[in-house]
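Structure file run-v1.txt (compact mmCIF, C-alpha atoms) follows.
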```txt
# COMPACT_ATOMS: atom_id res chain seq x y z
CA MET A 22 -36.64 -28.43 -16.93
CA ASN A 23 -36.29 -27.91 -13.17
CA GLU A 24 -36.53 -24.16 -13.71
CA ALA A 25 -39.87 -24.63 -15.50
CA ALA A 26 -41.18 -26.73 -12.61
CA ALA A 27 -40.09 -24.15 -10.04
CA TYR A 28 -41.58 -21.36 -12.15
CA SER A 29 -44.96 -23.13 -12.38
CA GLY A 30 -44.79 -24.17 -8.74
CA ALA A 31 -44.37 -20.59 -7.57
CA ARG A 32 -47.46 -19.54 -9.51
CA VAL A 33 -49.48 -22.41 -8.05
CA VAL A 34 -48.43 -21.56 -4.49
CA ILE A 35 -49.35 -17.89 -4.94
CA SER A 36 -52.69 -18.83 -6.50
CA THR A 37 -53.44 -21.29 -3.68
CA LEU A 38 -52.68 -18.69 -1.02
CA LEU A 39 -54.85 -16.09 -2.74
CA GLY A 40 -57.65 -18.62 -3.22
CA THR A 41 -57.68 -19.78 0.38
CA THR A 42 -57.61 -16.19 1.61
CA ALA A 43 -60.48 -15.20 -0.68
CA GLY A 44 -62.43 -18.33 0.27
CA GLY A 45 -62.00 -17.61 3.96
CA LEU A 46 -63.05 -13.99 3.60
CA ILE A 47 -66.12 -14.92 1.57
CA ALA A 48 -67.08 -17.62 4.08
CA VAL A 49 -66.84 -15.17 6.97
CA TYR A 50 -68.82 -12.53 5.08
CA ARG A 51 -71.61 -14.96 4.16
CA GLY A 52 -71.59 -16.81 7.45
CA ASN A 53 -70.75 -20.14 5.81
CA PRO A 54 -68.49 -22.87 7.28
CA LEU A 55 -65.00 -21.38 7.25
CA PHE A 56 -62.87 -24.48 6.76
CA LEU A 57 -65.02 -25.98 4.00
CA HIS A 58 -65.13 -22.85 1.85
CA THR A 59 -61.48 -22.01 2.46
CA ALA A 60 -60.37 -25.51 1.45
CA LEU A 61 -62.65 -25.76 -1.59
CA THR A 62 -61.72 -22.34 -2.95
CA GLY A 63 -58.02 -22.98 -2.40
CA PHE A 64 -58.29 -26.36 -4.11
CA SER A 65 -60.11 -24.85 -7.10
CA CYS A 66 -57.49 -22.14 -7.45
CA THR A 67 -54.73 -24.75 -7.21
CA ILE A 68 -56.25 -26.82 -10.01
CA ALA A 69 -56.81 -23.78 -12.23
CA ALA A 70 -53.29 -22.43 -11.66
CA THR A 71 -51.77 -25.84 -12.33
CA ALA A 72 -53.68 -26.28 -15.59
CA CYS A 73 -52.81 -22.82 -16.88
CA SER A 74 -49.19 -22.75 -15.69
CA VAL A 75 -48.33 -26.20 -17.00
CA SER A 76 -49.99 -25.38 -20.32
CA GLU A 77 -48.04 -22.12 -20.53
CA ARG A 78 -44.72 -23.80 -19.73
CA ALA A 79 -45.44 -26.59 -22.23
CA ALA A 80 -46.18 -23.95 -24.88
CA ALA A 81 -42.92 -22.18 -24.02
CA VAL A 82 -40.95 -25.43 -24.41
CA VAL A 83 -42.59 -26.23 -27.76
CA LEU A 84 -42.18 -22.70 -29.11
CA SER A 85 -38.57 -22.46 -27.91
CA ARG A 86 -37.68 -25.40 -30.11
CA ASN A 87 -38.83 -23.45 -33.17
CA SER A 88 -37.78 -19.92 -32.25
CA GLU A 89 -36.36 -17.77 -29.51
CA VAL A 90 -38.95 -17.42 -26.73
CA VAL A 91 -38.28 -15.29 -23.70
CA LYS A 92 -39.69 -16.39 -20.35
CA GLY A 93 -42.91 -14.47 -19.80
CA ASP A 94 -43.73 -14.12 -23.49
CA PHE A 95 -47.34 -13.07 -24.10
CA ARG A 96 -47.84 -15.77 -26.74
CA THR A 97 -47.10 -18.58 -24.33
CA HIS A 98 -49.35 -17.07 -21.68
CA ALA A 99 -52.20 -16.73 -24.19
CA ILE A 100 -51.76 -20.37 -25.21
CA GLY A 101 -51.65 -21.40 -21.54
CA GLY A 102 -54.86 -19.47 -20.87
CA ILE A 103 -56.60 -21.05 -23.84
CA LEU A 104 -55.50 -24.63 -23.14
CA GLY A 105 -55.70 -24.50 -19.34
CA GLY A 106 -58.93 -22.50 -19.42
CA SER A 107 -60.49 -24.96 -21.84
CA LEU A 108 -59.58 -27.82 -19.55
CA ILE A 109 -60.94 -26.08 -16.46
CA GLY A 110 -64.07 -24.88 -18.28
CA GLY A 111 -64.72 -28.39 -19.54
CA ILE A 112 -64.33 -29.88 -16.06
CA TYR A 113 -66.29 -27.34 -14.04
CA LYS A 114 -68.90 -25.99 -16.47
CA LYS A 115 -68.95 -28.52 -19.33
CA SER A 116 -68.11 -25.56 -21.57
CA PRO A 117 -64.45 -25.32 -22.64
CA SER A 118 -64.98 -22.01 -24.43
CA SER A 119 -66.16 -20.24 -21.26
CA GLY A 120 -63.02 -21.35 -19.43
CA ALA A 121 -60.80 -20.17 -22.26
CA LEU A 122 -62.58 -16.81 -22.36
CA LEU A 123 -62.06 -16.39 -18.61
CA PHE A 124 -58.50 -17.62 -18.21
CA THR A 125 -56.87 -16.14 -21.33
CA PRO A 126 -57.14 -12.52 -20.10
CA ILE A 127 -56.06 -13.66 -16.63
CA MET A 128 -52.94 -15.30 -18.05
CA LEU A 129 -52.19 -12.21 -20.15
CA GLY A 130 -52.45 -10.18 -16.94
CA VAL A 131 -50.02 -12.61 -15.31
CA ALA A 132 -47.61 -12.06 -18.21
CA LEU A 133 -47.86 -8.30 -17.80
CA LEU A 134 -47.25 -8.54 -14.05
CA GLU A 135 -44.27 -10.84 -14.59
CA LYS A 136 -42.75 -8.43 -17.12
CA LYS A 137 -43.23 -5.50 -14.74
CA ALA A 138 -41.72 -7.49 -11.84
CA GLN A 139 -38.72 -8.44 -13.98
CA SER A 140 -38.24 -4.82 -15.04
CA TYR A 141 -38.50 -3.67 -11.41
CA ARG A 142 -35.97 -6.32 -10.35
CA GLN A 143 -33.53 -5.28 -13.06
CA ASN A 144 -33.89 -1.59 -12.14
CA GLU A 145 -33.35 -2.28 -8.44
CA LEU A 146 -30.28 -4.43 -9.11
CA GLU A 147 -28.89 -1.73 -11.34
CA ARG A 148 -29.62 0.93 -8.72
CA VAL A 149 -28.09 -1.06 -5.86
CA PHE A 150 -25.08 -2.54 -7.61
CA GLY A 151 -24.63 0.01 -10.37
CA ARG A 152 -24.74 -2.56 -13.15
CA ASN A 153 -27.19 -4.77 -14.97
CA ASP A 154 -27.82 -8.34 -13.71
CA LYS A 155 -27.28 -9.70 -17.24
CA ASN A 156 -23.65 -8.54 -17.12
CA ASP A 157 -23.02 -10.75 -14.09
CA SER A 158 -23.31 -14.00 -16.08
```
In structure tokens, how does this file's structure come out?
Amino acid sequence: MNEAAAYSGARVVISTLLGTTAGGLIAVYRGNPLFLHTALTGFSCTIAATACSVSERAAAVVLSRNSEVVKGDFRTHAIGGILGGSLIGGIYKKSPSSGALLFTPIMLGVALLEKKAQSYRQNELERVFGRNDKNDS
């Protein structure tokens, strides 16, 4: 369970950093108060990432009880996007379906990026050490 918390936490931190950076850049471009827009955008990204990541991890835990689910499975990310997006859409826009339609493709993109990063990591470990990381266990 600690691995799931760390996994979700890393996503939330990355999302927060990207949100605060985007908020700051937009504030400077528009000439709006820098701190206010940076903080609000970062906070919104933190809430959205938390809702989607926790929903995705919860879906992974539930599905792993019934079948073999690999971390970064597209099904769990789609469920996380639907559930987390519905929650965020309901809070911000009073329309859960709009949140689900926005966050489901985002979460599927996250799944694709995570798979590519895992593949890159495995290839680099194999290149550097001459063996696969799975053989180390």
Within 6 Å of (-56.8, -22.6, -5.4), all atoms listed in the file: residues as a PyMOL selection string? chain A and resi 36-37+40+62-67
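Distance annotation: of A:Leu55, A:Ala26, A:Ala99, A:Ala60, the residue with the minimal separation from Leu39 (chain A) is A:Ala60; atom set is all atoms listed in the file.
Straight-line separation from CA of Ala138 (chain A) to CA of Leu108 (chain A): 28.1 Å.
The space separating CA of Glu24 (chain A) from CA of Lys136 (chain A) comes to 17.3 Å.
Our summary of the geometry notes that CA of Phe124 (chain A) is positioned 10.9 Å from CA of Ser74 (chain A).
Nearest to Leu123 (chain A) of all the residues A:Ile103, A:Val149, A:Leu57, A:Val49 is A:Ile103, based on only C-alpha atoms.
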Among A:Pro117, A:Leu61, A:Thr71, A:Asp94, Leu133 (chain A) is approached most closely, using only C-alpha atoms, by A:Asp94
Please tell me which residues are no farther than 12 Å from (-49.2, -28.4, -20.1) in the file, counting only C-alpha atoms, and write them as a ChimeraX atom specification. /A:25-26,29,69-83,97-98,100-108
Can you tell me, as lines of an AutoDock Vina configuration file, the centre and edge lengths (Å, one decimal) of the axis-aligned box enclosing all of region 75-78 of chain A's listed atoms after padding each side by 3 Å?
```
center_x = -47.4
center_y = -24.2
center_z = -18.8
size_x = 11.3
size_y = 10.1
size_z = 9.5
```
As a CSV table (one decimal), keeping the file's coordinate frame, could you write out region 71-82 of chain A once it has been completed with all heavy atoms?
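Output (result-v3.csv):
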```csv
chain,number,residue,atom,x,y,z
A,71,THR,N,-52.6,-24.7,-11.8
A,71,THR,CA,-51.8,-25.8,-12.3
A,71,THR,C,-52.1,-26.0,-13.8
A,71,THR,O,-51.1,-26.2,-14.6
A,71,THR,CB,-52.0,-27.1,-11.5
A,71,THR,OG1,-51.7,-26.9,-10.2
A,71,THR,CG2,-51.2,-28.3,-12.1
A,72,ALA,N,-53.3,-26.1,-14.2
A,72,ALA,CA,-53.7,-26.3,-15.6
A,72,ALA,C,-53.1,-25.2,-16.5
A,72,ALA,O,-52.5,-25.4,-17.5
A,72,ALA,CB,-55.2,-26.4,-15.7
A,73,CYS,N,-53.3,-23.9,-16.1
A,73,CYS,CA,-52.8,-22.8,-16.9
A,73,CYS,C,-51.3,-22.7,-16.9
A,73,CYS,O,-50.7,-22.5,-17.9
A,73,CYS,CB,-53.4,-21.5,-16.4
A,73,CYS,SG,-55.2,-21.4,-16.7
A,74,SER,N,-50.7,-22.9,-15.7
A,74,SER,CA,-49.2,-22.8,-15.7
A,74,SER,C,-48.5,-23.9,-16.4
A,74,SER,O,-47.5,-23.6,-17.2
A,74,SER,CB,-48.7,-22.7,-14.2
A,74,SER,OG,-49.1,-21.6,-13.6
A,75,VAL,N,-49.0,-25.1,-16.3
A,75,VAL,CA,-48.3,-26.2,-17.0
A,75,VAL,C,-48.5,-26.0,-18.5
A,75,VAL,O,-47.6,-26.3,-19.3
A,75,VAL,CB,-48.9,-27.5,-16.5
A,75,VAL,CG1,-48.4,-28.7,-17.3
A,75,VAL,CG2,-48.4,-27.8,-15.0
A,76,SER,N,-49.7,-25.6,-18.9
A,76,SER,CA,-50.0,-25.4,-20.3
A,76,SER,C,-49.1,-24.3,-20.9
A,76,SER,O,-48.6,-24.4,-22.0
A,76,SER,CB,-51.5,-25.0,-20.5
A,76,SER,OG,-52.3,-26.0,-20.2
A,77,GLU,N,-48.9,-23.2,-20.1
A,77,GLU,CA,-48.0,-22.1,-20.5
A,77,GLU,C,-46.6,-22.6,-20.6
A,77,GLU,O,-45.9,-22.3,-21.6
A,77,GLU,CB,-48.2,-20.9,-19.5
A,77,GLU,CG,-47.5,-19.7,-20.0
A,77,GLU,CD,-46.0,-19.6,-19.5
A,77,GLU,OE1,-45.7,-20.2,-18.5
A,77,GLU,OE2,-45.2,-19.0,-20.2
A,78,ARG,N,-46.1,-23.3,-19.7
A,78,ARG,CA,-44.7,-23.8,-19.7
A,78,ARG,C,-44.5,-24.8,-20.9
A,78,ARG,O,-43.5,-24.8,-21.5
A,78,ARG,CB,-44.3,-24.5,-18.4
A,78,ARG,CG,-44.1,-23.5,-17.3
A,78,ARG,CD,-42.8,-22.7,-17.4
A,78,ARG,NE,-43.0,-21.5,-18.2
A,78,ARG,CZ,-42.1,-20.8,-18.9
A,78,ARG,NH1,-40.9,-21.2,-18.8
A,78,ARG,NH2,-42.4,-19.8,-19.6
A,79,ALA,N,-45.5,-25.6,-21.1
A,79,ALA,CA,-45.4,-26.6,-22.2
A,79,ALA,C,-45.4,-25.8,-23.6
A,79,ALA,O,-44.6,-26.2,-24.5
A,79,ALA,CB,-46.6,-27.6,-22.2
A,80,ALA,N,-46.2,-24.8,-23.7
A,80,ALA,CA,-46.2,-24.0,-24.9
A,80,ALA,C,-44.8,-23.3,-25.0
A,80,ALA,O,-44.3,-23.2,-26.2
A,80,ALA,CB,-47.3,-22.9,-24.8
A,81,ALA,N,-44.2,-22.8,-23.9
A,81,ALA,CA,-42.9,-22.2,-24.0
A,81,ALA,C,-41.9,-23.2,-24.5
A,81,ALA,O,-41.0,-22.8,-25.3
A,81,ALA,CB,-42.5,-21.6,-22.7
A,82,VAL,N,-41.9,-24.4,-24.0
A,82,VAL,CA,-41.0,-25.4,-24.4
A,82,VAL,C,-41.1,-25.7,-25.9
A,82,VAL,O,-40.1,-25.8,-26.6
A,82,VAL,CB,-41.1,-26.7,-23.6
A,82,VAL,CG1,-40.3,-27.9,-24.1
A,82,VAL,CG2,-40.7,-26.4,-22.1
```
